[in-house]
Amino acid sequence: MPSILERKDFARWQADEKLPDAALCKAVKEMEAGLIDADLGGFLYKKRVARPGGGKSGGYRTLLSARMGDRYVFLHGFPKSDRANVTQDEKKALQFAGKVFLTLSGEALSRALMSGVLVEVHCEQDH
């Protein structure tokens, strides 16, 4: 199972929106099956996530950095109704942050998790 993580501010946004971890896990599974909404370059991807009890069309847009099959880091999320996209400056900042998180060593990743900079997303294991 790949590691699925989120930035602290994404986790706060996710909690405010009452978006369950299962929705993020499903998004990662879809990505691993090749269903990617947009490859923004620099390991940054846009992935639509359905609103709980709703569909993807009225749902959320998430931006995440990914090394397919290995590590996924959710960086930013917003309701589709709020805005169509992020600015070029935001995109560059997210690409930079994402690359940093994707290249963390095991030890650095542990420190980031312990300090709360990154939060682990817990997925139900299929047995």
# chains A, B, ... in the order shown; residues from 1 in each chain; ligands from 1

$ residues_around --residues "stretch 117-120 of chain A" --least-positions-apart "6" --cutoff "9 Å" --atoms "only C-alpha atoms" --output "PyMOL selection string"
chain A and resi 3-9+11+73+101+109+111

$ write_last_selection --atoms "C-alpha atoms" --output "PDB file, in the first residue's frame"
ATOM      1  CA  SER A   3       1.743   6.026   1.790  1.00  0.00           C
ATOM      2  CA  ILE A   4      -0.966   8.683   1.611  1.00  0.00           C
ATOM      3  CA  LEU A   5      -0.234  11.905   3.443  1.00  0.00           C
ATOM      4  CA  GLU A   6      -1.633  15.411   3.700  1.00  0.00           C
ATOM      5  CA  ARG A   7      -0.269  18.779   4.669  1.00  0.00           C
ATOM      6  CA  LYS A   8      -1.495  20.077   8.007  1.00  0.00           C
ATOM      7  CA  ASP A   9      -3.539  22.885   6.416  1.00  0.00           C
ATOM      8  CA  ALA A  11      -6.084  18.206   6.934  1.00  0.00           C
ATOM      9  CA  VAL A  73       0.729  14.006  -0.589  1.00  0.00           C
ATOM     10  CA  PHE A 101       7.582  16.069   0.522  1.00  0.00           C
ATOM     11  CA  LEU A 109       9.272  11.845   6.900  1.00  0.00           C
ATOM     12  CA  ARG A 111       9.994  13.887  11.829  1.00  0.00           C
TER      13      ARG A 111
END

$ residues_around --residues "stretch 36-41 of chain A" --least-positions-apart "6" --cutoff "12 Å" --atoms "only C-alpha atoms" --output "PyMOL selection string"
chain A and resi 27-30+47-49+56+61-66+68+85-88+90-92+94-96+98-99

$ select_by_dssp --residues "chain A" --states "alpha helix (DSSP H)" --output "PyMOL selection string"
chain A and resi 8-16+21-32+88-102+106-115

$ atom_distance --atom1 "atom CA of A:Ala15" --atom2 "atom CA of A:Ala97"
21.3 Å

$ residues_around --residues "A:Leu19" --least-positions-apart "4" --cutoff "9 Å" --atoms "only C-alpha atoms" --output "list in words"
Trp13, Gln14, Ala15, Ala23, Leu24, Ala50, Arg51 and Pro52 of chain A

$ closest_residue --among "A:Leu75, A:Asp89, A:Asp21, A:Arg12" --to "A:His122" --atoms "only C-alpha atoms"
A:Asp21

$ atom_distance --atom1 "atom CA of A:Arg67" --atom2 "atom CA of A:Leu104"
12.1 Å

$ atom_distance --atom1 "atom CA of A:Met1" --atom2 "atom CA of A:Asp16"
27.0 Å

$ select_by_dssp --residues "chain A" --states "strand (DSSP E)" --output "MDAnalysis selection string"
chainID A and resid 3:7 38:41 44:49 60:67 71:79 118:120

$ write_last_selection --atoms "N, CA, C and O atoms" --output "short mmCIF file (atom, residue, chain, number, x, y, z; two decimals), in the first residue's frame"
data_model
loop_
_atom_site.label_atom_id
_atom_site.label_comp_id
_atom_site.auth_asym_id
_atom_site.auth_seq_id
_atom_site.Cartn_x
_atom_site.Cartn_y
_atom_site.Cartn_z
N SER A 3 2.04 5.14 0.66
CA SER A 3 1.74 6.03 1.79
C SER A 3 0.97 7.23 1.26
O SER A 3 1.31 7.81 0.23
N ILE A 4 -0.11 7.56 1.98
CA ILE A 4 -0.97 8.68 1.61
C ILE A 4 -0.89 9.68 2.76
O ILE A 4 -1.20 9.34 3.91
N LEU A 5 -0.46 10.88 2.43
CA LEU A 5 -0.23 11.91 3.44
C LEU A 5 -0.96 13.18 3.04
O LEU A 5 -1.37 13.35 1.90
N GLU A 6 -1.06 14.10 4.00
CA GLU A 6 -1.63 15.41 3.70
C GLU A 6 -0.93 16.46 4.53
O GLU A 6 -0.47 16.19 5.63
N ARG A 7 -0.82 17.65 3.93
CA ARG A 7 -0.27 18.78 4.67
C ARG A 7 -1.22 19.17 5.78
O ARG A 7 -2.43 18.99 5.66
N ALA A 38 -5.83 15.85 -14.15
CA ALA A 38 -4.87 16.72 -14.83
C ALA A 38 -3.48 16.51 -14.25
O ALA A 38 -3.32 16.45 -13.03
N ASP A 39 -2.51 16.37 -15.14
CA ASP A 39 -1.10 16.32 -14.73
C ASP A 39 -0.58 17.73 -14.94
O ASP A 39 -0.48 18.21 -16.06
N LEU A 40 -0.30 18.41 -13.84
CA LEU A 40 0.12 19.82 -13.91
C LEU A 40 1.63 19.97 -14.03
O LEU A 40 2.14 21.07 -14.01
N GLY A 41 2.33 18.84 -14.14
CA GLY A 41 3.79 18.89 -14.25
C GLY A 41 4.46 18.95 -12.89
O GLY A 41 3.85 19.35 -11.90
N LEU A 44 2.88 17.24 -9.82
CA LEU A 44 1.66 17.82 -9.25
C LEU A 44 0.46 17.41 -10.11
O LEU A 44 0.52 17.51 -11.33
N TYR A 45 -0.58 16.93 -9.44
CA TYR A 45 -1.77 16.44 -10.13
C TYR A 45 -3.02 17.08 -9.55
O TYR A 45 -3.07 17.40 -8.36
N LYS A 46 -4.02 17.24 -10.42
CA LYS A 46 -5.34 17.67 -9.95
C LYS A 46 -6.24 16.45 -9.97
O LYS A 46 -6.26 15.70 -10.95
N LYS A 47 -6.95 16.24 -8.86
CA LYS A 47 -7.85 15.09 -8.77
C LYS A 47 -9.17 15.55 -8.18
O LYS A 47 -9.20 16.19 -7.13
N ARG A 48 -10.25 15.22 -8.88
CA ARG A 48 -11.57 15.55 -8.36
C ARG A 48 -11.96 14.52 -7.30
O ARG A 48 -11.67 13.34 -7.44
N VAL A 49 -12.62 15.01 -6.25
CA VAL A 49 -13.07 14.14 -5.16
C VAL A 49 -14.54 14.46 -4.92
O VAL A 49 -14.92 15.63 -4.81
N TYR A 60 -15.16 18.47 -4.94
CA TYR A 60 -13.95 19.20 -4.62
C TYR A 60 -12.87 18.97 -5.66
O TYR A 60 -12.85 17.97 -6.36
N ARG A 61 -11.95 19.91 -5.71
CA ARG A 61 -10.73 19.76 -6.49
C ARG A 61 -9.61 19.65 -5.46
O ARG A 61 -9.53 20.46 -4.53
N THR A 62 -8.79 18.64 -5.62
CA THR A 62 -7.62 18.52 -4.74
C THR A 62 -6.38 18.57 -5.62
O THR A 62 -6.40 18.14 -6.77
N LEU A 63 -5.33 19.13 -5.07
CA LEU A 63 -4.03 19.14 -5.73
C LEU A 63 -3.10 18.33 -4.85
O LEU A 63 -3.03 18.55 -3.65
N LEU A 64 -2.43 17.39 -5.49
CA LEU A 64 -1.54 16.55 -4.73
C LEU A 64 -0.29 16.23 -5.53
O LEU A 64 -0.30 16.28 -6.75
N SER A 65 0.77 15.96 -4.80
CA SER A 65 2.01 15.51 -5.42
C SER A 65 2.04 14.00 -5.28
O SER A 65 1.61 13.45 -4.26
N ALA A 66 2.54 13.35 -6.33
CA ALA A 66 2.52 11.90 -6.29
C ALA A 66 3.72 11.30 -6.99
O ALA A 66 4.16 11.78 -8.03
N ARG A 67 4.24 10.26 -6.37
CA ARG A 67 5.13 9.31 -7.03
C ARG A 67 4.28 8.07 -7.12
O ARG A 67 4.07 7.38 -6.11
N ARG A 71 4.15 7.24 -2.97
CA ARG A 71 3.80 8.27 -1.99
C ARG A 71 2.90 9.31 -2.64
O ARG A 71 3.18 9.78 -3.73
N TYR A 72 1.83 9.64 -1.93
CA TYR A 72 0.88 10.65 -2.38
C TYR A 72 0.74 11.67 -1.27
O TYR A 72 0.55 11.30 -0.11
N VAL A 73 0.84 12.96 -1.60
CA VAL A 73 0.73 14.01 -0.59
C VAL A 73 -0.31 15.02 -1.05
O VAL A 73 -0.10 15.75 -2.03
N PHE A 74 -1.45 15.05 -0.35
CA PHE A 74 -2.49 16.04 -0.65
C PHE A 74 -2.03 17.39 -0.11
O PHE A 74 -1.70 17.52 1.06
N LEU A 75 -2.03 18.39 -1.00
CA LEU A 75 -1.47 19.69 -0.65
C LEU A 75 -2.53 20.78 -0.50
O LEU A 75 -2.41 21.66 0.34
N HIS A 76 -3.56 20.73 -1.36
CA HIS A 76 -4.51 21.84 -1.41
C HIS A 76 -5.85 21.31 -1.89
O HIS A 76 -5.90 20.44 -2.76
N GLY A 77 -6.92 21.84 -1.33
CA GLY A 77 -8.25 21.45 -1.77
C GLY A 77 -9.19 22.63 -1.74
O GLY A 77 -9.00 23.57 -0.97
N PHE A 78 -10.19 22.58 -2.62
CA PHE A 78 -11.19 23.64 -2.65
C PHE A 78 -12.46 23.11 -3.32
O PHE A 78 -12.38 22.24 -4.18
N PRO A 79 -13.62 23.66 -2.91
CA PRO A 79 -14.86 23.28 -3.60
C PRO A 79 -14.82 23.81 -5.03
O PRO A 79 -14.36 24.93 -5.26
N LEU A 118 3.07 17.02 8.39
CA LEU A 118 2.32 16.09 7.55
C LEU A 118 1.46 15.20 8.44
O LEU A 118 1.84 14.92 9.58
N VAL A 119 0.32 14.79 7.90
CA VAL A 119 -0.60 13.91 8.62
C VAL A 119 -0.84 12.70 7.74
O VAL A 119 -1.00 12.83 6.52
N GLU A 120 -0.87 11.52 8.35
CA GLU A 120 -1.11 10.30 7.58
C GLU A 120 -2.60 10.12 7.36
O GLU A 120 -3.42 10.34 8.25
#

$ decode --residues "chain A" --atoms "C-alpha atoms" --output "mmCIF file, in the first residue's frame"
data_model
loop_
_atom_site.group_PDB
_atom_site.id
_atom_site.type_symbol
_atom_site.label_atom_id
_atom_site.label_comp_id
_atom_site.auth_asym_id
_atom_site.auth_seq_id
_atom_site.Cartn_x
_atom_site.Cartn_y
_atom_site.Cartn_z
ATOM 1 C CA MET A 1 0.000 0.000 0.000
ATOM 2 C CA PRO A 2 1.437 3.406 -0.903
ATOM 3 C CA SER A 3 1.743 6.026 1.790
ATOM 4 C CA ILE A 4 -0.966 8.683 1.611
ATOM 5 C CA LEU A 5 -0.234 11.905 3.443
ATOM 6 C CA GLU A 6 -1.633 15.411 3.700
ATOM 7 C CA ARG A 7 -0.269 18.779 4.669
ATOM 8 C CA LYS A 8 -1.495 20.077 8.007
ATOM 9 C CA ASP A 9 -3.539 22.885 6.416
ATOM 10 C CA PHE A 10 -5.113 20.418 3.964
ATOM 11 C CA ALA A 11 -6.084 18.206 6.934
ATOM 12 C CA ARG A 12 -7.707 21.227 8.610
ATOM 13 C CA TRP A 13 -9.628 22.066 5.410
ATOM 14 C CA GLN A 14 -10.652 18.394 5.039
ATOM 15 C CA ALA A 15 -12.018 18.361 8.607
ATOM 16 C CA ASP A 16 -13.923 21.640 8.047
ATOM 17 C CA GLU A 17 -15.504 20.175 4.904
ATOM 18 C CA LYS A 18 -16.240 16.862 6.705
ATOM 19 C CA LEU A 19 -14.518 15.012 3.878
ATOM 20 C CA PRO A 20 -13.691 11.457 5.027
ATOM 21 C CA ASP A 21 -10.257 9.861 4.577
ATOM 22 C CA ALA A 22 -12.017 7.175 2.517
ATOM 23 C CA ALA A 23 -12.662 9.777 -0.220
ATOM 24 C CA LEU A 24 -8.921 10.532 -0.436
ATOM 25 C CA CYS A 25 -8.085 6.816 -0.447
ATOM 26 C CA LYS A 26 -10.543 6.287 -3.305
ATOM 27 C CA ALA A 27 -8.939 9.165 -5.240
ATOM 28 C CA VAL A 28 -5.506 7.544 -4.878
ATOM 29 C CA LYS A 29 -6.872 4.150 -5.989
ATOM 30 C CA GLU A 30 -8.369 5.840 -9.069
ATOM 31 C CA MET A 31 -5.039 7.519 -9.816
ATOM 32 C CA GLU A 32 -3.235 4.193 -9.572
ATOM 33 C CA ALA A 33 -5.735 2.845 -12.116
ATOM 34 C CA GLY A 34 -4.776 5.711 -14.465
ATOM 35 C CA LEU A 35 -7.723 8.031 -13.752
ATOM 36 C CA ILE A 36 -6.026 11.399 -13.402
ATOM 37 C CA ASP A 37 -7.928 14.623 -14.002
ATOM 38 C CA ALA A 38 -4.871 16.720 -14.834
ATOM 39 C CA ASP A 39 -1.104 16.319 -14.735
ATOM 40 C CA LEU A 40 0.116 19.817 -13.912
ATOM 41 C CA GLY A 41 3.793 18.889 -14.246
ATOM 42 C CA GLY A 42 6.470 18.608 -11.581
ATOM 43 C CA PHE A 43 4.718 15.614 -9.935
ATOM 44 C CA LEU A 44 1.657 17.823 -9.248
ATOM 45 C CA TYR A 45 -1.772 16.442 -10.128
ATOM 46 C CA LYS A 46 -5.338 17.668 -9.953
ATOM 47 C CA LYS A 47 -7.845 15.089 -8.771
ATOM 48 C CA ARG A 48 -11.571 15.551 -8.356
ATOM 49 C CA VAL A 49 -13.070 14.145 -5.159
ATOM 50 C CA ALA A 50 -16.787 13.606 -4.625
ATOM 51 C CA ARG A 51 -18.594 15.445 -1.858
ATOM 52 C CA PRO A 52 -19.919 13.016 0.801
ATOM 53 C CA GLY A 53 -23.379 11.995 -0.389
ATOM 54 C CA GLY A 54 -22.821 13.744 -3.728
ATOM 55 C CA GLY A 55 -21.007 13.347 -6.996
ATOM 56 C CA LYS A 56 -17.745 14.650 -8.380
ATOM 57 C CA SER A 57 -19.343 17.358 -10.543
ATOM 58 C CA GLY A 58 -20.373 19.379 -7.472
ATOM 59 C CA GLY A 59 -17.468 18.147 -5.422
ATOM 60 C CA TYR A 60 -13.946 19.200 -4.617
ATOM 61 C CA ARG A 61 -10.730 19.760 -6.485
ATOM 62 C CA THR A 62 -7.623 18.524 -4.743
ATOM 63 C CA LEU A 63 -4.034 19.145 -5.732
ATOM 64 C CA LEU A 64 -1.535 16.548 -4.728
ATOM 65 C CA SER A 65 2.007 15.505 -5.416
ATOM 66 C CA ALA A 66 2.520 11.896 -6.292
ATOM 67 C CA ARG A 67 5.128 9.313 -7.029
ATOM 68 C CA MET A 68 2.729 6.768 -8.475
ATOM 69 C CA GLY A 69 2.489 3.596 -6.436
ATOM 70 C CA ASP A 70 4.705 4.983 -3.674
ATOM 71 C CA ARG A 71 3.798 8.266 -1.989
ATOM 72 C CA TYR A 72 0.881 10.653 -2.383
ATOM 73 C CA VAL A 73 0.729 14.006 -0.589
ATOM 74 C CA PHE A 74 -2.489 16.037 -0.646
ATOM 75 C CA LEU A 75 -1.474 19.694 -0.653
ATOM 76 C CA HIS A 76 -4.508 21.836 -1.405
ATOM 77 C CA GLY A 77 -8.252 21.446 -1.770
ATOM 78 C CA PHE A 78 -11.192 23.639 -2.650
ATOM 79 C CA PRO A 79 -14.855 23.284 -3.595
ATOM 80 C CA LYS A 80 -15.298 23.422 -7.358
ATOM 81 C CA SER A 81 -17.949 26.106 -6.841
ATOM 82 C CA ASP A 82 -15.405 28.458 -5.190
ATOM 83 C CA ARG A 83 -12.926 28.674 -8.033
ATOM 84 C CA ALA A 84 -12.000 27.011 -11.284
ATOM 85 C CA ASN A 85 -8.291 26.665 -10.686
ATOM 86 C CA VAL A 86 -5.192 27.829 -8.851
ATOM 87 C CA THR A 87 -2.982 30.665 -10.075
ATOM 88 C CA GLN A 88 0.394 30.061 -11.724
ATOM 89 C CA ASP A 89 2.145 31.298 -8.554
ATOM 90 C CA GLU A 90 0.126 28.915 -6.382
ATOM 91 C CA LYS A 91 0.890 26.091 -8.798
ATOM 92 C CA LYS A 92 4.648 26.797 -8.616
ATOM 93 C CA ALA A 93 4.559 26.930 -4.812
ATOM 94 C CA LEU A 94 2.614 23.659 -4.636
ATOM 95 C CA GLN A 95 5.007 21.972 -7.094
ATOM 96 C CA PHE A 96 7.953 23.058 -4.947
ATOM 97 C CA ALA A 97 6.351 21.917 -1.667
ATOM 98 C CA GLY A 98 5.254 18.649 -3.239
ATOM 99 C CA LYS A 99 8.735 17.827 -4.530
ATOM 100 C CA VAL A 100 10.138 18.442 -1.049
ATOM 101 C CA PHE A 101 7.582 16.069 0.522
ATOM 102 C CA LEU A 102 8.091 13.394 -2.142
ATOM 103 C CA THR A 103 11.853 13.339 -1.658
ATOM 104 C CA LEU A 104 11.898 13.202 2.165
ATOM 105 C CA SER A 105 13.944 10.334 3.524
ATOM 106 C CA GLY A 106 12.276 7.886 5.886
ATOM 107 C CA GLU A 107 13.767 9.666 8.887
ATOM 108 C CA ALA A 108 12.763 13.141 7.664
ATOM 109 C CA LEU A 109 9.272 11.845 6.900
ATOM 110 C CA SER A 110 8.963 10.485 10.444
ATOM 111 C CA ARG A 111 9.994 13.887 11.829
ATOM 112 C CA ALA A 112 7.439 15.659 9.597
ATOM 113 C CA LEU A 113 4.713 13.318 10.858
ATOM 114 C CA MET A 114 5.745 13.672 14.517
ATOM 115 C CA SER A 115 5.852 17.463 14.284
ATOM 116 C CA GLY A 116 2.455 17.604 12.569
ATOM 117 C CA VAL A 117 3.700 19.170 9.310
ATOM 118 C CA LEU A 118 2.318 16.091 7.547
ATOM 119 C CA VAL A 119 -0.604 13.909 8.619
ATOM 120 C CA GLU A 120 -1.112 10.304 7.582
ATOM 121 C CA VAL A 121 -4.354 9.380 5.813
ATOM 122 C CA HIS A 122 -5.695 6.057 7.064
ATOM 123 C CA CYS A 123 -7.292 3.774 4.509
ATOM 124 C CA GLU A 124 -9.269 0.633 5.193
ATOM 125 C CA GLN A 125 -7.192 -2.311 4.033
ATOM 126 C CA ASP A 126 -8.897 -4.658 1.588
ATOM 127 C CA HIS A 127 -8.273 -8.232 2.704
#
